[in-house]
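structure12.txt, holding compact mmCIF, C-alpha atoms and all ligand atoms:
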```
# COMPACT_ATOMS: atom_id res chain seq x y z
CA MET T 1 -122.86 -140.94 5.73
CA SER T 2 -121.16 -138.48 3.41
CA PHE T 3 -117.94 -139.00 1.51
CA GLU T 4 -117.76 -135.34 0.51
CA LEU T 5 -115.68 -132.70 2.27
CA GLU T 6 -117.70 -130.17 4.22
CA PRO T 7 -117.76 -126.56 2.93
CA ALA T 8 -115.14 -125.32 5.43
CA TYR T 9 -112.69 -128.01 4.25
CA LEU T 10 -113.41 -127.26 0.58
CA LYS T 11 -112.68 -123.61 1.30
CA LEU T 12 -109.39 -124.49 2.96
CA GLN T 13 -108.49 -126.85 0.10
CA HIS T 14 -109.08 -124.01 -2.36
CA GLU T 15 -106.98 -121.62 -0.24
CA ALA T 16 -104.11 -124.14 -0.11
CA ARG T 17 -104.26 -124.79 -3.85
CA VAL T 18 -104.21 -121.06 -4.64
CA PHE T 19 -101.23 -120.65 -2.33
CA ALA T 20 -99.46 -123.66 -3.89
CA ARG T 21 -99.94 -122.19 -7.37
CA SER T 22 -98.48 -118.88 -6.19
CA ILE T 23 -95.20 -120.53 -5.17
CA GLU T 24 -94.90 -122.75 -8.26
CA PRO T 25 -92.20 -120.50 -9.82
CA LEU T 26 -90.00 -121.00 -6.72
CA ALA T 27 -90.51 -124.76 -6.38
CA LYS T 28 -87.75 -125.97 -8.69
CA GLU T 29 -85.07 -124.00 -6.84
CA ALA T 30 -86.49 -124.55 -3.34
CA ASP T 31 -86.91 -128.31 -3.74
CA GLU T 32 -83.28 -128.77 -4.82
CA SER T 33 -81.90 -126.92 -1.80
CA SER T 34 -80.89 -128.23 1.62
CA GLU T 35 -81.46 -124.82 3.16
CA VAL T 36 -84.65 -122.94 3.91
CA HIS T 37 -85.69 -121.02 0.81
CA PRO T 38 -86.34 -117.39 1.87
CA GLY T 39 -88.98 -116.83 -0.83
CA VAL T 40 -91.01 -119.90 0.08
CA LEU T 41 -90.67 -119.13 3.79
CA ALA T 42 -91.85 -115.53 3.31
CA ALA T 43 -94.79 -116.69 1.20
CA LEU T 44 -95.76 -119.36 3.74
CA ARG T 45 -95.57 -116.77 6.52
CA LYS T 46 -97.81 -114.39 4.56
CA SER T 47 -100.31 -117.19 3.80
CA GLY T 48 -101.10 -117.72 7.49
CA LEU T 49 -101.43 -121.46 6.85
CA CYS T 50 -99.15 -122.39 9.76
CA GLY T 51 -101.87 -121.03 12.03
CA LEU T 52 -103.50 -124.43 11.46
CA MET T 53 -100.77 -126.02 13.58
CA VAL T 54 -101.52 -124.15 16.81
CA PRO T 55 -104.66 -123.86 18.98
CA ALA T 56 -106.62 -120.63 18.56
CA GLN T 57 -105.86 -119.77 22.17
CA HIS T 58 -102.21 -119.31 21.16
CA GLY T 59 -102.76 -117.52 17.89
CA GLY T 60 -103.84 -120.46 15.71
CA ARG T 61 -106.76 -120.82 13.33
CA SER T 62 -108.82 -123.55 15.00
CA THR T 63 -109.55 -124.77 18.52
CA ARG T 64 -106.82 -127.39 18.08
CA PRO T 65 -104.78 -128.76 15.16
CA ASP T 66 -107.18 -130.60 12.84
CA PRO T 67 -105.62 -133.64 11.08
CA LEU T 68 -107.99 -133.46 8.09
CA ALA T 69 -107.27 -129.77 7.53
CA ILE T 70 -103.52 -130.48 7.76
CA CYS T 71 -103.88 -133.39 5.30
CA LEU T 72 -105.65 -131.22 2.76
CA VAL T 73 -103.01 -128.51 2.94
CA ARG T 74 -100.15 -131.04 2.68
CA GLU T 75 -101.82 -132.63 -0.33
CA ALA T 76 -101.93 -129.27 -2.12
CA LEU T 77 -98.42 -128.19 -1.10
CA MET T 78 -96.68 -131.48 -1.91
CA ALA T 79 -98.15 -131.44 -5.41
CA THR T 80 -96.18 -128.26 -6.00
CA SER T 81 -93.21 -128.18 -3.64
CA SER T 82 -91.89 -130.72 -1.15
CA HIS T 83 -89.97 -127.88 0.48
CA ALA T 84 -93.14 -125.91 1.21
CA ASP T 85 -94.84 -129.10 2.41
CA SER T 86 -92.01 -129.85 4.78
CA LEU T 87 -91.82 -126.32 6.21
CA PHE T 88 -95.57 -126.41 6.83
CA ALA T 89 -95.63 -129.92 8.32
CA LEU T 90 -92.71 -129.34 10.68
CA GLN T 91 -94.39 -126.34 12.28
CA GLY T 92 -96.91 -128.83 13.64
CA ILE T 93 -94.73 -131.91 14.11
CA GLY T 94 -92.11 -129.90 15.99
CA SER T 95 -94.52 -128.03 18.23
CA TYR T 96 -97.33 -130.48 18.98
CA ALA T 97 -95.75 -131.80 22.20
CA ILE T 98 -95.73 -128.20 23.47
CA THR T 99 -99.39 -127.82 22.46
CA VAL T 100 -100.48 -130.90 24.40
CA ALA T 101 -98.09 -130.92 27.35
CA GLY T 102 -96.05 -127.71 27.41
CA SER T 103 -96.11 -125.38 30.39
CA PRO T 104 -98.10 -122.13 30.07
CA GLU T 105 -94.77 -120.30 29.66
CA GLN T 106 -93.53 -122.65 26.90
CA ARG T 107 -96.82 -122.30 25.06
CA ALA T 108 -96.88 -118.52 25.40
CA GLN T 109 -93.26 -118.19 24.29
CA TRP T 110 -93.31 -120.45 21.22
CA LEU T 111 -96.78 -121.25 19.89
CA PRO T 112 -97.75 -117.76 18.66
CA ARG T 113 -94.40 -117.56 16.83
CA ILE T 114 -95.00 -120.99 15.29
CA ALA T 115 -98.46 -119.90 14.12
CA ARG T 116 -96.98 -116.78 12.51
CA THR T 117 -94.05 -118.79 11.01
CA GLU T 118 -91.62 -116.51 12.82
CA ALA T 119 -89.84 -119.44 14.49
CA LEU T 120 -89.22 -122.82 12.84
CA ALA T 121 -89.81 -125.94 14.93
CA ALA T 122 -88.01 -129.30 14.98
CA LEU T 123 -88.67 -132.65 16.61
CA ALA T 124 -85.44 -134.51 17.38
CA LEU T 125 -85.90 -138.25 17.84
CA THR T 126 -83.50 -140.05 15.49
CA GLU T 127 -79.87 -140.82 16.38
CA ASP T 128 -77.03 -142.65 14.66
CA ASN T 129 -78.05 -145.90 16.37
CA ALA T 130 -81.76 -145.23 16.89
CA GLY T 131 -83.97 -144.97 13.80
CA SER T 132 -87.02 -147.24 13.70
CA ASP T 133 -86.02 -148.50 17.14
CA LEU T 134 -86.69 -145.28 18.98
CA LYS T 135 -86.19 -146.83 22.40
CA ALA T 136 -82.51 -147.30 21.54
CA VAL T 137 -81.79 -143.57 21.93
CA ALA T 138 -78.63 -142.77 23.86
CA THR T 139 -79.16 -139.03 24.38
CA GLU T 140 -79.54 -138.56 28.09
CA LEU T 141 -81.29 -136.04 30.29
CA ARG T 142 -80.33 -135.86 33.96
CA VAL T 143 -80.83 -133.58 36.90
CA SER T 144 -77.77 -131.93 38.40
CA ASP T 145 -78.27 -129.59 41.35
CA ASP T 146 -81.14 -127.37 40.25
CA ARG T 147 -80.51 -127.80 36.48
CA LEU T 148 -81.22 -130.30 33.73
CA VAL T 149 -78.24 -131.54 31.73
CA LEU T 150 -78.64 -132.88 28.17
CA LYS T 151 -75.90 -134.93 26.52
CA GLY T 152 -75.96 -136.76 23.20
CA SER T 153 -76.63 -136.19 19.51
CA LYS T 154 -79.46 -136.37 16.99
CA SER T 155 -79.30 -137.10 13.28
CA PHE T 156 -81.38 -136.28 10.18
CA ILE T 157 -83.51 -133.69 11.95
CA SER T 158 -85.82 -131.75 9.63
CA ASN T 159 -85.29 -127.99 9.93
CA GLY T 160 -82.18 -128.90 11.98
CA VAL T 161 -80.02 -126.13 10.56
CA SER T 162 -82.74 -123.48 10.79
CA ALA T 163 -84.98 -124.31 13.73
CA ALA T 164 -85.41 -121.84 16.59
CA PHE T 165 -85.79 -124.73 19.02
CA PHE T 166 -85.67 -128.51 19.24
CA VAL T 167 -88.12 -130.71 21.10
CA VAL T 168 -85.73 -133.50 22.04
CA PHE T 169 -86.57 -137.09 22.96
CA ALA T 170 -84.09 -138.34 25.56
CA ARG T 171 -83.54 -141.14 28.00
CA GLU T 172 -84.14 -140.06 31.61
CA GLY T 173 -83.56 -142.63 34.33
CA SER T 174 -85.40 -145.79 33.32
CA GLY T 175 -87.84 -143.94 30.99
CA TYR T 176 -87.92 -141.27 28.29
CA SER T 177 -88.67 -137.57 28.51
CA MET T 178 -89.11 -134.66 26.12
CA VAL T 179 -87.17 -131.48 26.62
CA LEU T 180 -87.35 -128.11 24.88
CA VAL T 181 -83.98 -126.74 23.81
CA PRO T 182 -83.69 -123.32 22.14
CA ALA T 183 -81.16 -123.61 19.30
CA ALA T 184 -79.10 -120.73 20.69
CA THR T 185 -78.45 -122.50 24.02
CA PRO T 186 -74.70 -122.81 24.81
CA GLY T 187 -73.46 -126.36 24.13
CA VAL T 188 -75.83 -126.94 21.18
CA SER T 189 -74.10 -127.29 17.82
CA VAL T 190 -75.61 -128.00 14.43
CA THR T 191 -74.10 -129.19 11.16
CA PRO T 192 -75.86 -130.05 7.90
CA SER T 193 -76.78 -133.72 7.29
CA PRO T 194 -75.72 -135.44 4.05
CA ILE T 195 -77.61 -134.18 0.99
CA LEU T 196 -80.38 -136.58 -0.05
CA ILE T 197 -81.42 -137.70 -3.54
CA ALA T 198 -84.32 -135.26 -3.09
CA PRO T 199 -82.80 -132.51 -0.93
CA HIS T 200 -84.40 -131.69 2.40
CA VAL T 201 -83.46 -129.24 5.16
CA LEU T 202 -81.75 -131.58 7.63
CA GLY T 203 -79.31 -131.16 10.48
CA GLU T 204 -77.11 -133.17 12.84
CA ILE T 205 -77.45 -131.78 16.36
CA ARG T 206 -75.00 -132.20 19.24
CA PHE T 207 -75.85 -131.52 22.85
CA ASP T 208 -72.64 -131.14 24.79
CA ASN T 209 -73.69 -131.22 28.44
CA VAL T 210 -76.26 -128.54 27.69
CA LEU T 211 -77.51 -126.86 30.87
CA LEU T 212 -81.24 -126.18 30.92
CA PRO T 213 -83.63 -124.74 33.50
CA PRO T 214 -85.62 -127.32 35.51
CA ASP T 215 -88.83 -126.33 33.71
CA ALA T 216 -87.39 -127.12 30.24
CA ARG T 217 -89.04 -130.55 30.12
CA VAL T 218 -92.13 -130.77 27.93
CA GLY T 219 -94.64 -132.63 30.06
CA LYS T 220 -93.66 -134.80 32.98
CA VAL T 221 -90.64 -137.01 33.65
CA GLY T 222 -91.13 -140.22 31.65
CA GLN T 223 -93.86 -138.80 29.35
CA GLY T 224 -91.64 -138.84 26.23
CA LEU T 225 -93.05 -141.89 24.44
CA GLU T 226 -96.61 -140.80 25.12
CA LEU T 227 -95.87 -137.43 23.49
CA VAL T 228 -94.27 -139.09 20.44
CA LEU T 229 -97.44 -141.19 20.04
CA ALA T 230 -99.65 -138.13 20.46
CA THR T 231 -97.70 -136.38 17.70
CA LEU T 232 -98.00 -139.42 15.40
CA GLY T 233 -101.73 -139.54 16.17
CA ILE T 234 -102.19 -136.19 14.46
CA PHE T 235 -99.37 -136.08 11.91
CA ARG T 236 -98.74 -139.61 10.59
CA VAL T 237 -101.86 -139.45 8.44
CA SER T 238 -100.70 -136.10 7.05
CA VAL T 239 -97.79 -137.91 5.35
CA ALA T 240 -100.48 -139.88 3.53
CA GLY T 241 -102.09 -136.58 2.50
CA ALA T 242 -98.76 -135.40 1.10
CA ALA T 243 -98.23 -138.72 -0.72
CA VAL T 244 -101.67 -138.43 -2.34
CA GLY T 245 -100.74 -134.92 -3.53
CA LEU T 246 -97.47 -136.18 -4.98
CA ALA T 247 -99.14 -139.09 -6.78
CA GLN T 248 -101.84 -136.83 -8.22
CA ALA T 249 -99.24 -134.33 -9.48
CA ALA T 250 -97.26 -137.14 -11.14
CA LEU T 251 -100.38 -138.55 -12.78
CA GLU T 252 -101.35 -135.14 -14.14
CA GLU T 253 -97.86 -134.77 -15.67
CA ALA T 254 -98.28 -138.17 -17.32
CA VAL T 255 -101.78 -137.34 -18.60
CA ARG T 256 -100.60 -134.06 -20.14
CA HIS T 257 -97.79 -135.92 -21.87
CA THR T 258 -99.61 -139.04 -23.05
CA ARG T 259 -102.67 -137.30 -24.44
CA THR T 260 -100.55 -135.21 -26.84
CA ARG T 261 -97.65 -137.48 -27.75
CA VAL T 262 -98.52 -139.62 -30.72
CA GLN T 263 -96.88 -142.98 -31.47
CA PHE T 264 -98.18 -145.64 -33.84
CA GLY T 265 -100.67 -143.05 -35.12
CA ARG T 266 -102.44 -142.50 -31.80
CA PRO T 267 -101.90 -140.56 -28.57
CA LEU T 268 -100.01 -142.73 -26.07
CA ALA T 269 -102.98 -142.41 -23.67
CA GLN T 270 -105.05 -144.55 -26.04
CA LEU T 271 -102.51 -147.36 -26.37
CA GLY T 272 -103.60 -150.36 -24.29
CA ALA T 273 -100.79 -150.66 -21.78
CA VAL T 274 -100.54 -146.90 -21.26
CA ALA T 275 -104.30 -146.53 -20.77
CA GLU T 276 -104.07 -149.34 -18.25
CA MET T 277 -101.30 -147.59 -16.31
CA LEU T 278 -103.30 -144.33 -16.31
CA ALA T 279 -106.44 -146.10 -15.11
CA ASP T 280 -104.69 -148.12 -12.39
CA SER T 281 -102.93 -145.02 -11.10
CA HIS T 282 -106.12 -142.96 -11.06
CA THR T 283 -108.01 -145.74 -9.25
CA GLU T 284 -105.28 -146.31 -6.66
CA ILE T 285 -105.04 -142.59 -5.90
CA GLU T 286 -108.80 -142.34 -5.38
CA MET T 287 -108.75 -145.40 -3.10
CA VAL T 288 -106.01 -144.09 -0.91
CA ARG T 289 -107.37 -140.55 -0.83
CA LEU T 290 -110.59 -141.90 0.69
CA LEU T 291 -108.69 -144.01 3.22
CA THR T 292 -106.58 -140.98 4.12
CA TYR T 293 -109.50 -138.59 4.56
CA ARG T 294 -111.37 -141.15 6.65
CA ALA T 295 -108.38 -141.81 8.93
CA ALA T 296 -107.77 -138.07 9.24
CA SER T 297 -111.37 -137.30 10.10
CA ARG T 298 -111.39 -140.07 12.72
CA ALA T 299 -108.19 -138.62 14.17
CA ILE T 300 -109.94 -135.29 14.78
CA ASP T 301 -111.80 -136.67 17.79
CA ASP T 302 -109.59 -139.53 18.89
CA PRO T 303 -106.08 -139.49 17.41
CA ALA T 304 -104.90 -142.49 19.46
CA ALA T 305 -107.81 -144.68 18.36
CA ALA T 306 -107.30 -143.61 14.73
CA LEU T 307 -103.58 -144.44 14.70
CA HIS T 308 -104.18 -147.93 13.26
CA GLN T 309 -106.00 -146.44 10.28
CA SER T 310 -103.52 -143.57 10.02
CA SER T 311 -100.73 -146.15 9.78
CA MET T 312 -102.64 -147.99 7.03
CA ALA T 313 -103.20 -144.70 5.18
CA LYS T 314 -99.52 -143.74 5.48
CA LEU T 315 -98.37 -147.18 4.36
CA ALA T 316 -100.78 -147.37 1.42
CA ALA T 317 -100.36 -143.78 0.25
CA SER T 318 -96.56 -143.77 0.32
CA GLU T 319 -96.38 -147.16 -1.44
CA ILE T 320 -98.95 -146.09 -4.05
CA ALA T 321 -97.21 -142.75 -4.61
CA SER T 322 -93.97 -144.60 -5.36
CA ARG T 323 -95.74 -147.01 -7.70
CA VAL T 324 -97.69 -144.27 -9.49
CA VAL T 325 -94.71 -141.99 -10.04
CA ASP T 326 -92.69 -144.94 -11.33
CA ARG T 327 -95.44 -145.76 -13.85
CA CYS T 328 -95.64 -142.10 -14.85
CA VAL T 329 -91.92 -142.01 -15.65
CA GLN T 330 -92.45 -145.17 -17.71
CA MET T 331 -95.37 -143.66 -19.63
CA MET T 332 -93.34 -140.55 -20.41
CA GLY T 333 -90.47 -142.56 -21.85
CA ARG T 334 -87.23 -140.65 -22.24
CA PHE T 335 -88.98 -137.39 -21.34
CA GLY T 336 -89.62 -138.81 -17.88
CA LEU T 337 -85.91 -139.08 -17.26
CA ILE T 338 -84.90 -135.47 -17.78
CA ARG T 339 -82.95 -134.18 -14.80
CA HIS T 340 -84.85 -131.54 -12.79
CA SER T 341 -88.04 -131.96 -14.79
CA LYS T 342 -91.11 -132.04 -12.55
CA ILE T 343 -91.69 -135.77 -12.98
CA GLU T 344 -88.06 -136.58 -12.21
CA ARG T 345 -88.24 -134.42 -9.07
CA LEU T 346 -91.42 -136.18 -7.93
CA TYR T 347 -89.80 -139.56 -8.63
CA ARG T 348 -86.93 -138.74 -6.26
CA GLN T 349 -89.20 -137.13 -3.65
CA ALA T 350 -91.53 -140.12 -3.43
CA ARG T 351 -88.75 -142.40 -2.23
CA ALA T 352 -88.20 -140.95 1.24
CA MET T 353 -91.89 -141.16 2.12
CA ARG T 354 -91.67 -144.93 2.58
CA ILE T 355 -88.92 -144.47 5.16
CA TYR T 356 -89.68 -141.49 7.41
CA GLU T 357 -92.47 -141.31 10.01
CA GLY T 358 -92.52 -145.11 10.13
CA ALA T 359 -90.86 -147.26 7.45
CA SER T 360 -93.39 -149.41 5.56
CA GLU T 361 -92.11 -152.65 7.10
CA VAL T 362 -92.37 -151.28 10.62
CA LEU T 363 -95.91 -150.01 9.95
CA ARG T 364 -96.90 -153.44 8.62
CA LEU T 365 -95.76 -155.03 11.88
CA GLY T 366 -97.98 -152.70 13.90
CA ILE T 367 -100.96 -153.09 11.54
CA ALA T 368 -100.71 -156.89 11.65
CA ARG T 369 -100.40 -156.85 15.45
CA GLU T 370 -103.57 -154.76 15.73
CA LEU T 371 -105.43 -156.98 13.24
CA VAL T 372 -104.55 -160.10 15.23
CA ARG T 373 -105.71 -158.38 18.40
CA GLN T 374 -109.02 -157.24 16.86
CA VAL T 375 -110.26 -160.47 15.29
CA PRO T 376 -112.47 -162.35 17.79
C1 LIG T 401 -86.31 -136.66 4.72
C2 LIG T 401 -86.18 -137.15 6.13
C3 LIG T 401 -86.57 -136.34 7.19
C4 LIG T 401 -86.44 -136.79 8.50
N1 LIG T 401 -86.79 -135.94 9.52
C5 LIG T 401 -86.66 -136.35 10.81
C6 LIG T 401 -87.00 -135.48 11.90
O1 LIG T 401 -87.45 -134.34 11.70
N2 LIG T 401 -86.81 -135.93 13.16
C7 LIG T 401 -86.34 -137.17 13.43
O2 LIG T 401 -86.19 -137.52 14.59
N3 LIG T 401 -86.00 -138.03 12.43
C8 LIG T 401 -86.15 -137.65 11.12
N4 LIG T 401 -85.81 -138.50 10.09
C9 LIG T 401 -85.29 -139.82 10.38
C10 LIG T 401 -86.37 -140.88 10.19
O3 LIG T 401 -87.31 -140.79 11.21
C11 LIG T 401 -85.69 -142.27 10.10
O4 LIG T 401 -85.03 -142.32 8.87
C12 LIG T 401 -86.69 -143.40 10.25
O5 LIG T 401 -87.18 -143.47 11.56
C13 LIG T 401 -86.08 -144.76 9.90
O6 LIG T 401 -84.91 -144.97 10.62
P1 LIG T 401 -83.54 -145.35 9.86
O7 LIG T 401 -83.43 -144.48 8.65
O8 LIG T 401 -82.47 -145.30 10.86
O9 LIG T 401 -83.77 -146.81 9.34
P2 LIG T 401 -83.57 -148.19 10.19
O10 LIG T 401 -84.32 -148.11 11.46
O11 LIG T 401 -82.14 -148.53 10.20
O12 LIG T 401 -84.34 -149.21 9.24
C14 LIG T 401 -83.87 -149.50 7.92
C15 LIG T 401 -84.88 -150.40 7.24
O13 LIG T 401 -84.95 -151.64 7.94
C16 LIG T 401 -86.26 -152.14 7.93
N5 LIG T 401 -86.71 -152.33 9.31
C17 LIG T 401 -86.40 -151.59 10.41
N6 LIG T 401 -86.99 -152.08 11.50
C18 LIG T 401 -87.70 -153.16 11.10
C19 LIG T 401 -88.53 -154.10 11.77
N7 LIG T 401 -88.77 -154.02 13.08
N8 LIG T 401 -89.07 -155.10 11.02
C20 LIG T 401 -88.86 -155.19 9.68
N9 LIG T 401 -88.09 -154.33 9.01
C21 LIG T 401 -87.51 -153.33 9.70
C22 LIG T 401 -87.11 -151.13 7.14
O14 LIG T 401 -87.16 -151.55 5.81
C23 LIG T 401 -86.30 -149.86 7.25
O15 LIG T 401 -86.54 -148.97 6.15
C24 LIG T 401 -85.94 -138.07 8.77
C25 LIG T 401 -85.56 -138.90 7.69
C26 LIG T 401 -85.67 -138.47 6.39
C27 LIG T 401 -85.26 -139.36 5.28
```

As structure tokens, what does this structure read like?
Ligand SMILES: Cc1cc2nc3c(=O)[nH]c(=O)nc-3n(C[C@H](O)[C@H](O)[C@H](O)COP(=O)(O)OP(=O)(O)OC[C@H]3O[C@@H](n4cnc5c(N)ncnc54)[C@H](O)[C@@H]3O)c2cc1C
Amino acid sequence: MSFELEPAYLKLQHEARVFARSIEPLAKEADESSEVHPGVLAALRKSGLCGLMVPAQHGGRSTRPDPLAICLVREALMATSSHADSLFALQGIGSYAITVAGSPEQRAQWLPRIARTEALAALALTEDNAGSDLKAVATELRVSDDRLVLKGSKSFISNGVSAAFFVVFAREGSGYSMVLVPAATPGVSVTPSPILIAPHVLGEIRFDNVLLPPDARVGKVGQGLELVLATLGIFRVSVAGAAVGLAQAALEEAVRHTRTRVQFGRPLAQLGAVAEMLADSHTEIEMVRLLTYRAASRAIDDPAAALHQSSMAKLAASEIASRVVDRCVQMMGRFGLIRHSKIERLYRQARAMRIYEGASEVLRLGIARELVRQVP
């Protein structure tokens, strides 16, 4: 049993860290914008990292998307720029249903462009009245003559205002289906979502009786929920990776500050309560990093079986990131409160992670249910 990353993962981690450092000068501006930042997008495209999101057969970098590789990249990107992290993550989250269940034509049309970051992807699940309760969606897909018709609206969709296509989760008959809708299709309209405390590229999408060809479904009729679960199987744990990166970046800011700022004749880092906060944060980050890497490496072979651990990793990492960044602000005193400083940005960015891709409370329900089922 080894707890060390294998050489190929260490190499990728190094590549992602070098890339993250290269975009550091753009991060402040990009992370405060609700639009895609052209500089970060161009750099991400040049890096080739989005090739990790697509099978090699369609222009990607590995046989299939590897959750541990994706985790490592998100950890490095999030430590520098939530915008870069989000652009990277969405290329996978928005296209994975096509990878696993798309038709040969859908795969050939979109996946190579996703790998090259020439088209931005989006996964549209959430609606005004359907957040955690995904089955409450009202968007409807129906067959009319030889066409599919999509009617409804989606809310808070990452990349919404910039995506080339949406993979849309909709009610169809008594079940749920996924359908691929190019953004330029007549009847599709997009407006920006409200600006968040930590800005994010988000859109509100309307589908006004959008006519689609009969082969626009991704997968079969009624396969929608299964494809959402498949996507979570690979990508939920990657939110944990990003949260670990955020927590580590916050802790490093606090270390740099507290080892040089002197109060009561000593660096803050040596004062009891501050040393305690540094030590607790360091320990919690290490704990959750291990949990995250383990869940991610289990998800490589069997994403569905690993989902329980991925949920635990996402829950723990996002909660710990919030706790760590809060302590870091505390340790930095008034300097932790300066608007648009790195620590203040991380403080705001941590908050959303406990809500998207499964709110903590909803994850706890699932984790408890599985625990009760497992104990003999
Ligand atoms: C930055 C960002 C990006 C996003 N990107 C996308 C995207 O790309 N695509 C997409 O489809 N959606 C996206 N979303 C939406 C996101 O998926 C939802 O916000 C999330 O599913 C939670 O839904 P909600 O916000 O409607 O909260 P609600 O479902 O209204 O829940 C509110 C709170 O109630 C509690 N709660 C809910 N259900 C339960 C329960 N069963 N038991 C106990 N407590 C409960 C939790 O505390 C929860 O935080 C994004 C959101 C954000 C913030």

Checklist line | Top pick for closest residue to Arg351 (chain T), considering T:Pro186, T:Gly336, T:Gly219, T:Pro199 and counting only C-alpha atoms | finding: T:Pro199

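Checking T:Ile320, T:Ala69, T:Leu268, T:Cys328 one by one against Ala296 (chain T), counting all atoms listed in the file, you find the shortest gap at T:Ala69.
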
Checklist line | Val190 (chain T) environment, 10 Å, all atoms listed in the file, sequence neighbours closer than 2 positions dropped, as a list of chain:residue names | finding: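 Selected residues are T:Ser153, T:Lys154, T:Ser155, T:Gly160, T:Val161, T:Ser162, T:Ala183, T:Val188, T:Pro192, T:Ser193, T:Leu202, T:Gly203, T:Glu204, T:Ile205, T:Arg206, T:Phe207.
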
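Residue nearest Val167 (chain T) within the list T:Val149, T:Ala97, T:Leu229, T:Ala79: T:Ala97 [criterion: smallest interatomic distance, all atoms listed in the file].
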
Checklist line | Counting only C-alpha atoms, the residue of T:Gln91, T:Thr283, T:Gln106, T:Ser318 that sits nearest Ala359 (chain T) | finding: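 Smallest separation from Ala359 (chain T) among the options: T:Ser318.
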
Checklist line | Given only C-alpha atoms and all ligand atoms as the counted atoms, nearest of T:Arg266, T:Arg327, T:Arg142, T:Arg354 to ligand LIG 401 (chain T) | finding: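 The answer is T:Arg354, which sits nearest to ligand LIG 401 (chain T).
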
Check: ligand LIG 401 (chain T): which residues are within 10 Å, counting all atoms listed in the file, as a ChimeraX atom specification?
Finding: /T:86,89-90,93-94,121-134,154-160,166-169,195-203,349,351-366

Go ahead and write the residues just picked, C-alpha atoms, as a compact mmCIF listing (two decimals), in the coordinates of the input.
```txt
# COMPACT_ATOMS: atom_id res chain seq x y z
CA SER T 86 -92.01 -129.85 4.78
CA ALA T 89 -95.63 -129.92 8.32
CA LEU T 90 -92.71 -129.34 10.68
CA ILE T 93 -94.73 -131.91 14.11
CA GLY T 94 -92.11 -129.90 15.99
CA ALA T 121 -89.81 -125.94 14.93
CA ALA T 122 -88.01 -129.30 14.98
CA LEU T 123 -88.67 -132.65 16.61
CA ALA T 124 -85.44 -134.51 17.38
CA LEU T 125 -85.90 -138.25 17.84
CA THR T 126 -83.50 -140.05 15.49
CA GLU T 127 -79.87 -140.82 16.38
CA ASP T 128 -77.03 -142.65 14.66
CA ASN T 129 -78.05 -145.90 16.37
CA ALA T 130 -81.76 -145.23 16.89
CA GLY T 131 -83.97 -144.97 13.80
CA SER T 132 -87.02 -147.24 13.70
CA ASP T 133 -86.02 -148.50 17.14
CA LEU T 134 -86.69 -145.28 18.98
CA LYS T 154 -79.46 -136.37 16.99
CA SER T 155 -79.30 -137.10 13.28
CA PHE T 156 -81.38 -136.28 10.18
CA ILE T 157 -83.51 -133.69 11.95
CA SER T 158 -85.82 -131.75 9.63
CA ASN T 159 -85.29 -127.99 9.93
CA GLY T 160 -82.18 -128.90 11.98
CA PHE T 166 -85.67 -128.51 19.24
CA VAL T 167 -88.12 -130.71 21.10
CA VAL T 168 -85.73 -133.50 22.04
CA PHE T 169 -86.57 -137.09 22.96
CA ILE T 195 -77.61 -134.18 0.99
CA LEU T 196 -80.38 -136.58 -0.05
CA ILE T 197 -81.42 -137.70 -3.54
CA ALA T 198 -84.32 -135.26 -3.09
CA PRO T 199 -82.80 -132.51 -0.93
CA HIS T 200 -84.40 -131.69 2.40
CA VAL T 201 -83.46 -129.24 5.16
CA LEU T 202 -81.75 -131.58 7.63
CA GLY T 203 -79.31 -131.16 10.48
CA GLN T 349 -89.20 -137.13 -3.65
CA ARG T 351 -88.75 -142.40 -2.23
CA ALA T 352 -88.20 -140.95 1.24
CA MET T 353 -91.89 -141.16 2.12
CA ARG T 354 -91.67 -144.93 2.58
CA ILE T 355 -88.92 -144.47 5.16
CA TYR T 356 -89.68 -141.49 7.41
CA GLU T 357 -92.47 -141.31 10.01
CA GLY T 358 -92.52 -145.11 10.13
CA ALA T 359 -90.86 -147.26 7.45
CA SER T 360 -93.39 -149.41 5.56
CA GLU T 361 -92.11 -152.65 7.10
CA VAL T 362 -92.37 -151.28 10.62
CA LEU T 363 -95.91 -150.01 9.95
CA ARG T 364 -96.90 -153.44 8.62
CA LEU T 365 -95.76 -155.03 11.88
CA GLY T 366 -97.98 -152.70 13.90
```

Note to self: I'd like to know which of T:His282, T:Arg373, T:Arg339, T:Arg289 is closest to His308 (chain T), using all atoms listed in the file.
What the structure shows: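 That would be T:Arg373, the residue with the smallest distance to His308 (chain T).
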
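CA of Arg345 (chain T) is found 21.7 Å from CA of Asp280 (chain T).
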
Checklist line | d(CA of Gly48 (chain T), CA of Ala242 (chain T)) in Å | finding: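 Interatomic distance, CA of Gly48 (chain T) to CA of Ala242 (chain T): 18.9 Å.
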
Check: Leaving out Asp301 (chain T) and any residue of its chain fewer than 5 positions from it, which residues lie within 10 Å of it when counting all atoms listed in the file, given as a list of chain:residue names?
Finding: T:Asp66, T:Pro67, T:Ala296, T:Ala306

Next item on the list: Determine, counting all atoms listed in the file, which protein, DNA and RNA residues have an atom within 9 Å of an atom of Ser310 (chain T); residues of the same chain fewer than 5 positions away are not included. Present the result as a ChimeraX atom specification.
Entry: /T:232-238,240,291-292,294-296,299,303,315

Next item on the list: Record the distance separating CA of Arg259 (chain T) and CA of Arg17 (chain T), expressed in Å with one decimal.
Entry: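 Separation between CA of Arg259 (chain T) and CA of Arg17 (chain T): 24.1 Å.
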